[in-house]
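Visitor: See target34.cif below, with mmCIF, C-alpha atoms.
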data_run
loop_
_atom_site.label_atom_id
_atom_site.label_comp_id
_atom_site.auth_asym_id
_atom_site.auth_seq_id
_atom_site.Cartn_x
_atom_site.Cartn_y
_atom_site.Cartn_z
CA MET A 1 107.26 116.78 129.57
CA ALA A 2 110.12 119.05 130.49
CA ASP A 3 112.08 117.65 127.55
CA LEU A 4 109.19 118.33 125.21
CA ALA A 5 108.77 121.85 126.52
CA LEU A 6 112.47 122.41 125.96
CA ALA A 7 112.32 120.91 122.47
CA VAL A 8 109.34 123.08 121.53
CA ARG A 9 110.97 126.18 122.94
CA THR A 10 114.31 125.62 121.26
CA ASP A 11 112.88 124.50 117.94
CA GLU A 12 113.57 127.00 115.21
CA PHE A 13 111.78 125.36 112.28
CA GLY A 14 108.16 126.15 112.96
CA GLY A 15 107.75 124.45 116.33
CA LEU A 16 107.00 120.94 117.48
CA ASP A 17 103.63 121.66 119.04
CA TRP A 18 102.00 119.05 116.79
CA LEU A 19 103.86 116.38 118.76
CA SER A 20 101.18 116.68 121.43
CA MET A 21 98.63 115.13 119.06
CA PRO A 22 97.52 111.55 119.81
CA GLY A 23 99.76 108.91 118.29
CA GLN A 24 102.92 111.00 118.54
CA ASP A 25 105.71 110.24 120.95
CA PRO A 26 107.10 113.61 122.07
CA ALA A 27 109.41 112.08 124.66
CA MET A 28 111.04 109.90 122.01
CA VAL A 29 111.55 112.83 119.62
CA ALA A 30 112.99 115.02 122.38
CA HIS A 31 115.30 112.20 123.49
CA LEU A 32 116.41 111.54 119.90
CA ILE A 33 117.14 115.20 119.23
CA GLU A 34 119.15 115.37 122.43
CA THR A 35 121.10 112.17 121.73
CA LEU A 36 121.76 112.99 118.09
CA SER A 37 122.86 116.50 118.95
CA ALA A 38 125.32 115.12 121.47
CA GLU A 39 126.60 112.59 118.93
CA LEU A 40 126.70 114.62 115.71
CA ILE A 41 127.40 118.06 117.23
CA PRO A 42 125.41 120.19 114.81
CA VAL A 43 127.29 123.44 114.45
CA ASN A 44 124.92 125.53 112.40
CA LEU A 45 121.33 125.92 111.35
CA ILE A 46 121.60 123.52 108.42
CA GLU A 47 122.92 120.66 110.53
CA ARG A 48 120.37 121.35 113.28
CA CYS A 49 117.67 121.12 110.63
CA TRP A 50 118.96 117.71 109.54
CA VAL A 51 119.24 116.42 113.11
CA ARG A 52 115.66 117.47 113.79
CA ASP A 53 114.47 115.75 110.62
CA ILE A 54 116.30 112.53 111.44
CA ALA A 55 114.71 112.47 114.91
CA ILE A 56 111.20 113.15 113.59
CA LEU A 57 111.49 110.56 110.84
CA THR A 58 112.88 107.93 113.21
CA ALA A 59 109.96 108.46 115.59
CA ARG A 60 107.56 108.27 112.66
CA LEU A 61 109.16 105.05 111.51
CA ASP A 62 108.69 103.60 114.98
CA PHE A 63 105.04 104.64 114.95
CA LEU A 64 104.45 102.99 111.58
CA ARG A 65 106.05 99.74 112.72
CA LYS A 66 104.01 99.70 115.89
CA THR A 67 100.87 100.50 113.93
CA GLN A 68 101.49 97.60 111.63
CA TRP A 69 101.84 95.22 114.54
CA ALA A 70 98.93 96.71 116.45
CA MET A 71 96.72 96.36 113.40
CA LEU A 72 97.68 92.73 113.01
CA ALA A 73 97.23 92.06 116.71
CA ALA A 74 93.79 93.70 116.76
CA LEU A 75 92.78 91.58 113.82
CA MET A 76 94.20 88.45 115.40
CA GLU A 77 92.24 89.13 118.53
CA GLU A 78 89.08 89.53 116.53
CA ILE A 79 89.69 86.32 114.59
CA ALA A 80 90.52 84.46 117.81
CA LEU A 81 87.28 85.68 119.35
CA GLU A 82 85.29 84.60 116.31
CA GLU A 83 86.93 81.19 116.32
CA ALA A 84 86.36 80.76 120.05
CA THR A 85 82.68 81.54 119.54
CA ALA A 86 82.45 79.11 116.63
CA ASN A 87 84.35 76.48 118.60
CA ARG A 88 81.72 76.35 121.30
CA CYS A 89 79.30 74.89 118.83
CA LEU A 90 81.72 72.20 117.62
CA PRO A 91 81.69 68.62 118.97
CA ALA A 92 84.44 67.72 121.48
CA ARG A 93 86.46 65.66 118.95
CA GLU A 94 86.80 68.49 116.44
CA LYS A 95 87.75 70.86 119.23
CA LEU A 96 90.82 68.72 119.92
CA GLU A 97 91.78 68.70 116.23
CA ARG A 98 91.64 72.51 115.95
CA PRO A 99 93.69 73.91 118.79
CA LEU A 100 92.99 77.60 119.19
CA LEU A 101 94.97 80.43 120.61
CA ASP A 102 93.05 81.72 123.57
CA THR A 103 91.86 85.29 123.46
CA ALA A 104 93.79 86.11 126.63
CA ALA A 105 97.07 85.50 124.81
CA THR A 106 96.15 87.77 121.90
CA ALA A 107 94.87 90.41 124.31
CA GLN A 108 98.22 90.26 126.10
CA LEU A 109 100.02 90.59 122.78
CA LEU A 110 97.93 93.63 121.94
CA SER A 111 98.46 95.33 125.26
CA ASN A 112 102.20 94.74 124.95
CA ILE A 113 102.23 96.53 121.63
CA TYR A 114 100.11 99.44 122.80
CA ALA A 115 102.07 99.92 125.99
CA ASN A 116 105.38 99.47 124.15
CA ARG A 117 106.45 96.84 126.65
CA GLY A 118 109.15 95.01 124.83
CA PRO A 119 109.07 93.05 121.62
CA VAL A 120 106.17 91.13 120.19
CA PRO A 121 106.11 87.49 121.36
CA GLY A 122 107.86 84.97 119.14
CA THR A 123 105.84 83.49 116.35
CA ASP A 124 107.02 79.92 116.95
CA ASP A 125 103.58 78.97 118.22
CA PRO A 126 101.72 77.37 115.26
CA ARG A 127 98.41 78.74 116.50
CA LEU A 128 99.83 82.22 116.48
CA GLN A 129 101.26 81.63 113.02
CA ARG A 130 97.89 80.58 111.73
CA LEU A 131 96.22 83.66 113.20
CA LEU A 132 98.95 85.86 111.79
CA GLY A 133 98.46 84.37 108.34
CA LYS A 134 94.71 84.91 108.54
CA ALA A 135 95.20 88.49 109.67
CA TYR A 136 97.62 89.17 106.81
CA ALA A 137 95.20 87.70 104.33
CA ALA A 138 92.37 89.85 105.62
CA ARG A 139 94.27 93.14 105.53
CA THR A 140 96.89 92.64 102.83
CA LYS A 141 96.25 95.99 101.17
CA GLN A 142 96.50 98.05 104.35
CA ILE A 143 99.57 96.20 105.56
CA GLU A 144 101.28 96.69 102.21
CA SER A 145 100.45 100.41 102.34
CA LEU A 146 101.96 100.67 105.79
CA SER A 147 105.09 98.79 104.66
CA GLN A 148 105.47 101.12 101.68
CA MET A 149 105.13 104.16 103.88
CA GLU A 150 107.67 102.74 106.29
CA PHE A 151 110.06 102.21 103.39
CA GLN A 152 109.52 105.76 102.13
CA VAL A 153 110.16 107.29 105.53
CA MET A 154 113.27 105.15 106.00
CA ARG A 155 114.58 106.16 102.58
CA GLU A 156 114.05 109.83 103.35
CA ARG A 157 115.81 109.54 106.69
CA ASP A 158 118.76 107.70 105.14
CA ARG A 159 119.02 110.29 102.39
CA ILE A 160 119.32 113.04 104.99
CA ILE A 161 121.97 111.06 106.86
CA ARG A 162 123.92 110.58 103.61
CA CYS A 163 123.56 114.26 102.80
CA ARG A 164 125.02 115.22 106.14
CA ASP A 165 127.84 112.69 105.82
CA SER A 166 128.84 113.76 102.32
CA ARG A 167 128.91 117.37 103.42
CA HIS A 168 131.23 116.50 106.28
CA GLU A 169 133.47 114.51 103.94
CA ILE A 170 133.87 117.53 101.65
CA GLN A 171 134.60 119.78 104.59
CA VAL A 172 137.25 117.41 105.93
CA SER A 173 138.92 117.01 102.52
CA GLU A 174 139.09 120.78 102.08
CA LEU A 175 140.49 121.15 105.54
CA LEU A 176 143.17 118.54 104.82
CA GLU A 177 144.09 120.29 101.58
CA MET A 178 144.58 123.54 103.41
CA ILE A 179 146.67 121.90 106.10
CA GLU A 180 148.86 120.28 103.41
CA LYS A 181 149.40 123.62 101.75
CA GLY A 182 150.28 125.20 105.07
CA LEU A 183 147.45 127.65 104.92
CA LEU A 184 146.40 126.98 108.48
CA ASP A 185 148.46 128.29 111.34
CA SER A 186 146.34 126.95 114.14
CA PRO A 187 144.29 123.76 114.37
CA VAL A 188 140.57 124.13 113.90
CA ASP A 189 138.32 123.54 116.86
CA PRO A 190 135.42 121.45 115.48
CA THR A 191 133.10 122.42 118.31
CA ALA A 192 133.57 126.10 117.60
CA GLY A 193 131.47 125.88 114.51
CA ILE A 194 132.44 126.12 110.88
CA ARG A 195 132.28 129.52 109.31
CA TYR A 196 131.34 129.81 105.71
CA ALA A 197 133.03 132.18 103.44
CA PRO A 198 131.37 135.19 101.99
CA ALA A 199 130.91 134.35 98.35
CA THR A 200 133.66 135.82 96.23
CA ARG A 201 131.76 135.00 93.09
CA ASP A 202 128.22 133.98 92.69
CA ASP A 203 127.84 132.22 89.38
CA MET B 1 78.21 123.10 64.62
CA THR B 2 74.47 123.07 65.27
CA ASP B 3 72.24 124.13 62.47
CA THR B 4 69.62 126.59 63.76
CA ALA B 5 67.05 125.45 61.28
CA ALA B 6 67.50 121.82 62.32
CA ARG B 7 66.69 122.57 65.98
CA SER B 8 63.13 122.28 67.09
CA GLU B 9 61.21 125.02 68.80
CA ALA B 10 61.17 122.98 72.03
CA ALA B 11 64.97 122.69 71.98
CA ARG B 12 65.36 126.40 71.46
CA ALA B 13 62.93 127.14 74.28
CA ALA B 14 64.90 124.80 76.54
CA SER B 15 68.13 126.59 75.63
CA ARG B 16 66.59 129.95 76.43
CA GLN B 17 65.38 128.64 79.76
CA ASN B 18 68.79 127.22 80.59
CA GLY B 19 70.41 130.48 79.64
CA ARG B 20 68.28 132.31 82.16
CA ARG B 21 69.59 130.11 84.93
CA SER B 22 72.80 130.70 86.91
CA LYS B 23 75.97 130.95 84.88
CA GLY B 24 78.35 130.84 87.77
CA PRO B 25 79.47 133.38 90.32
CA LYS B 26 79.53 137.01 89.28
CA THR B 27 80.79 138.95 92.26
CA VAL B 28 84.49 139.12 93.08
CA LEU B 29 83.93 137.35 96.39
CA GLY B 30 81.84 134.65 94.73
CA ARG B 31 84.52 134.06 92.14
CA GLN B 32 87.16 133.86 94.85
CA VAL B 33 85.13 131.34 96.80
CA SER B 34 84.37 129.16 93.78
CA ALA B 35 88.01 129.30 92.72
CA ARG B 36 88.79 127.24 95.81
CA ASN B 37 86.05 124.67 95.26
CA ALA B 38 88.52 122.00 94.15
CA PHE B 39 91.15 122.99 96.71
CA LYS B 40 92.41 120.03 98.73
CA HIS B 41 95.66 120.85 100.48
CA GLY B 42 97.51 123.30 98.25
CA LEU B 43 100.75 121.39 98.57
CA ARG B 44 101.13 120.94 94.84
CA SER B 45 101.08 124.66 94.09
CA ARG B 46 104.29 126.61 93.89
CA GLN B 47 104.25 129.02 96.76
CA THR B 48 105.64 132.48 96.63
CA ILE B 49 105.71 134.13 99.98
CA ALA B 50 106.33 137.82 100.28
CA PRO B 51 108.90 138.69 102.96
CA GLY B 52 106.34 140.84 104.74
CA ILE B 53 104.15 137.89 105.65
CA LEU B 54 106.85 135.43 106.66
CA PRO B 55 106.31 134.11 110.17
CA THR B 56 108.84 135.16 112.78
CA TRP B 57 110.60 131.80 112.88
CA ALA B 58 111.06 131.82 109.09
CA MET B 59 112.52 135.32 109.25
CA MET B 60 114.88 134.12 111.96
CA ILE B 61 115.95 131.23 109.72
CA GLU B 62 116.73 133.70 106.95
CA LEU B 63 118.80 135.83 109.30
CA LYS B 64 120.70 132.83 110.66
CA LEU B 65 121.36 131.50 107.17
CA ARG B 66 122.69 134.86 106.08
CA ALA B 67 124.97 134.88 109.10
CA THR B 68 126.15 131.35 108.29
CA ILE B 69 126.57 131.65 104.55
CA GLY B 70 127.79 135.20 104.17
CA THR B 71 127.11 137.50 101.27
CA ILE B 72 124.16 136.48 99.18
CA GLY B 73 124.22 137.39 95.50
CA GLN B 74 121.43 137.13 92.98
CA ASN B 75 121.86 133.40 92.37
CA ARG B 76 121.96 132.56 96.04
CA ARG B 77 119.07 134.91 96.67
CA GLU B 78 116.92 132.78 94.39
CA HIS B 79 117.84 129.60 96.26
CA LEU B 80 117.13 131.29 99.57
CA ASP B 81 113.77 132.53 98.30
CA ARG B 82 112.92 128.97 97.30
CA LEU B 83 114.25 127.50 100.53
CA LEU B 84 112.06 129.44 102.97
CA PRO B 85 108.72 128.39 101.43
CA LEU B 86 110.01 124.81 101.30
CA ILE B 87 110.80 124.83 105.02
CA MET B 88 107.34 126.24 105.67
CA GLN B 89 105.76 123.61 103.45
CA ILE B 90 107.62 120.86 105.31
CA ASP B 91 106.23 122.22 108.56
CA GLN B 92 102.76 122.26 107.02
CA VAL B 93 103.06 118.66 105.77
CA ASP B 94 104.37 117.52 109.15
CA ARG B 95 101.26 118.94 110.77
CA LEU B 96 99.00 117.26 108.21
CA ILE B 97 100.80 113.94 108.68
CA ALA B 98 100.46 114.26 112.46
CA GLY B 99 96.71 114.78 111.97
CA GLU B 100 96.40 111.71 109.78
CA LEU B 101 98.46 109.61 112.20
CA ALA B 102 96.20 110.77 115.02
CA LYS B 103 93.22 109.47 113.04
CA LEU B 104 94.99 106.15 112.49
CA HIS B 105 95.84 105.95 116.16
CA ALA B 106 92.22 106.61 117.10
CA ALA B 107 91.10 103.88 114.71
CA LEU B 108 93.50 101.43 116.33
CA VAL B 109 92.64 102.35 119.90
CA ASN B 110 88.97 101.92 119.13
CA ARG B 111 89.69 98.39 118.01
CA ALA B 112 86.22 97.04 118.76
CA SER B 113 84.98 98.44 115.47
CA LEU B 114 88.34 97.98 113.77
CA GLY B 115 88.07 101.31 112.01
CA VAL B 116 91.44 100.78 110.32
CA ALA B 117 89.63 99.31 107.35
CA ASP B 118 88.02 102.70 106.70
CA PHE B 119 91.21 104.66 107.12
CA ASP B 120 92.47 106.43 103.99
CA PHE B 121 95.99 105.05 103.60
CA ALA B 122 96.38 106.62 100.16
CA ALA B 123 96.02 110.12 101.60
CA LEU B 124 98.71 109.42 104.19
CA GLN B 125 101.00 107.99 101.53
CA THR B 126 100.51 111.11 99.39
CA LEU B 127 101.50 113.27 102.33
CA PHE B 128 104.62 111.19 102.87
CA ASN B 129 105.46 111.63 99.20
CA TYR B 130 105.14 115.39 99.53
CA ARG B 131 107.27 115.37 102.64
CA ARG B 132 110.00 113.48 100.82
CA ARG B 133 109.85 115.74 97.77
CA PHE B 134 109.95 118.98 99.78
CA SER B 135 112.75 117.72 101.95
CA ALA B 136 114.82 116.72 98.88
CA ALA B 137 114.20 120.14 97.29
CA ARG B 138 115.16 121.87 100.53
CA ASP B 139 118.43 119.97 100.74
CA LYS B 140 119.17 120.79 97.11
CA CYS B 141 118.69 124.47 97.91
CA LEU B 142 120.92 124.15 100.96
CA VAL B 143 123.66 122.53 98.88
CA GLN B 144 123.39 125.30 96.30
CA LEU B 145 123.53 127.94 98.99
CA THR B 146 126.74 126.58 100.49
CA LYS B 147 128.36 125.63 97.21
CA TYR B 148 131.06 128.27 97.06
CA GLY B 149 133.42 129.41 99.78
CA PHE B 150 132.73 126.25 101.64
CA LEU B 151 134.94 126.24 104.66
CA PHE B 152 137.07 129.31 105.02
CA PRO B 153 136.84 132.87 103.93
CA PHE B 154 139.12 132.33 100.96
CA ASP B 155 138.50 131.51 97.35
CA ARG B 156 138.91 127.76 97.08
CA GLU B 157 140.26 127.85 93.54
CA LYS B 158 142.95 130.39 94.33
CA LEU B 159 144.08 128.46 97.38
CA THR B 160 143.98 124.87 96.28
CA GLY B 161 144.63 125.43 92.59
CA LYS B 162 141.78 123.10 91.82
CA ARG B 163 139.30 124.17 89.23
CA SER B 164 135.77 122.96 89.11
CA LYS B 165 134.76 120.74 86.21
CA LYS B 166 132.40 123.40 84.96
CA ARG B 167 135.14 126.02 84.88
CA LYS B 168 137.57 123.63 83.17
CA ARG B 169 134.99 122.98 80.48
CA ARG B 170 134.43 126.71 79.96
CA LEU B 171 138.13 127.35 79.63
CA LYS B 172 138.45 124.57 77.06
CA GLN B 173 135.60 125.94 75.01
CA ARG B 174 137.09 129.44 74.91
CA PRO B 175 138.72 130.06 71.49
CA ALA B 176 142.49 130.36 71.52
CA PRO B 177 143.82 133.88 70.89
CA ALA B 178 145.07 134.38 67.36
CA GLY B 179 148.81 134.68 67.92
CA GLY B 180 150.94 136.77 65.59
CA ALA B 181 148.08 138.32 63.71
CA GLU B 182 149.28 141.83 64.53
CA LEU B 183 152.72 141.20 63.17
#
Would you mind writing the file's structure down as structure tokens?
Guide:
Amino acid sequence: MADLALAVRTDEFGGLDWLSMPGQDPAMVAHLIETLSAELIPVNLIERCWVRDIAILTARLDFLRKTQWAMLAALMEEIALEEATANRCLPAREKLERPLLDTAATAQLLSNIYANRGPVPGTDDPRLQRLLGKAYAARTKQIESLSQMEFQVMRERDRIIRCRDSRHEIQVSELLEMIEKGLLDSPVDPTAGIRYAPATRDD
Amino acid sequence: MTDTAARSEAARAASRQNGRRSKGPKTVLGRQVSARNAFKHGLRSRQTIAPGILPTWAMMIELKLRATIGTIGQNRREHLDRLLPLIMQIDQVDRLIAGELAKLHAALVNRASLGVADFDFAALQTLFNYRRRFSAARDKCLVQLTKYGFLFPFDREKLTGKRSKKRKRRLKQRPAPAGGAEL
């Protein structure tokens, strides 16, 4: 919580108070901002804005992925319960022919996803595969929507990363040009922050 | 065009009766209220925010940008004026998205009823679209703001001898001076 308080206090783009809403992961955003800042060393407002956006979008991406899995798992649990109920009425021979995934296993899967305790179990179990297929079939539209949103968020995040990278490339090439022409007497300290020139013309 | 003679007395009486009924709001307040009847989120409208009503954090952004970029002429001023509302809109969309995600989260936690089926995914997708659009426009403004005098307080063209493509094109298009005409 201390990290979040710090992130909210130091945020200069309208605040991050909405991170306290259910479904958000403030600790993850705060950690990402901290890690990215240490890695990318944002030197001015523009770069800080990009770092903040990358962190928010990454956390959002994580939420969408987890949501997708949680939705599937909830559905699988429901289907497993329905099948277990229907199975009680079946004769013993048919029960053997239709092996079912017990509800405890799906419940475990669900709790793992909600509690963010490691990855989802492997889908090598044919019973799990069958349930997964049924769940997909039942909620194709919603799952597709979530996938599309995930793709959109990822594309936006990558665009911001590319934007930041291209800007740095231009800065470095200009710096090299000036060094080649002997216009720099002393080396530039990258951590000191890059100063922009006052515009000599504005067309 | 309706012919008056062709209309029956009953139809004319009905028209008179309808005309006596409400014809919409008349007071200024009523008109203002009804003008927002179809308002959903306001994200599609172009926002112009007067400097006087900018929140403190947005004013701080403006100050910091001025300190970072340097002198701001008319062209840059326009980009800056566009940038601040965009940053505010991004903040607004982020809050709306957080609200929608909270609803989705609640639907998932309450998995007994599996309320996900009722969740409006299209609304969330629209908000993501807006977020992406505003963020792209913001970055375009930022690029325009830092276009000239990129790294050091010198004129790039004078120092590096490199001319921009736009300037090269302009110089090419300029008509050559008529030499020897005065002789």
Visitor: Between atom CA of Arg159 of chain A and atom CA of Met21 of chain A, what is the spacing in Å?
Guide: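 If I compute the distance from atom CA of Met21 of chain A to atom CA of Arg159 of chain A, I get 26.8 Å.
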Visitor: So, with all atoms listed in the file as the atoms that count, which of B:Gln144, B:Gln74, B:Ser15, B:Gln173 lies closest to chain A?
Guide: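 Of all the options, B:Gln74 lies closest to chain A.
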Visitor: Near Gly14 of chain A, counting all atoms listed in the file, which residues have an atom at most 10 Å away, once you skip same-chain residues fewer than 5 positions from it, shown as a list of chain:residue names?
Guide: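 Within the cut-off, the hits are A:Val8, B:Pro55, B:Thr56, B:Trp57, B:Ala58, B:Ile61, B:Ile87, B:Met88, B:Ile90, B:Asp91, B:Gln92.
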Visitor: Enter the distance from atom CA of Arg66 of chain B to atom CA of Arg167 of chain B, in Å, rounded to one decimal.
Guide: 26.1 Å
Visitor: May I have the residues within 9 Å of Leu65 of chain B as a PDB file with C-alpha atoms, keeping the file's coordinate frame, using all atoms listed in the file and disregarding those fewer than 6 positions away in the same chain?
Guide:
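Generated file (out.pdb):
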ATOM      1  CA  ASN A  44     124.920 125.530 112.400  1.00  0.00           C
ATOM      2  CA  LEU A  45     121.330 125.920 111.350  1.00  0.00           C
ATOM      3  CA  ILE A  46     121.600 123.520 108.420  1.00  0.00           C
TER       4      ILE A  46
ATOM      5  CA  LEU B  80     117.130 131.290  99.570  1.00  0.00           C
TER       6      LEU B  80
END
Visitor: Calculate how many Å separate atom CA of Met71 of chain A from atom CA of Leu108 of chain B, rounding to one decimal.
Guide: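 These atoms are spaced 6.7 Å apart.
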Visitor: Could you check the closest approach to Gly133 of chain A for each of A:Met76, A:Ile161, A:Glu177, A:Gln171 and tell me which residue wins, using all atoms listed in the file?
Guide: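 Closest to Gly133 of chain A, using all atoms listed in the file: A:Met76.
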Visitor: My list of candidates is B:Lys140, B:Arg44, B:Arg12, B:Arg132. Which is closest to chain A when distances are computed with only C-alpha atoms?
Guide: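 Checking each candidate against chain A, we get B:Arg132 as the closest.
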Visitor: With distances taken over all atoms listed in the file, which of A:Ala135, A:Leu75, A:Ala84, A:Ala55 is nearest to chain B?
Guide: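 The shortest atom-to-atom distance to chain B comes from A:Leu75.
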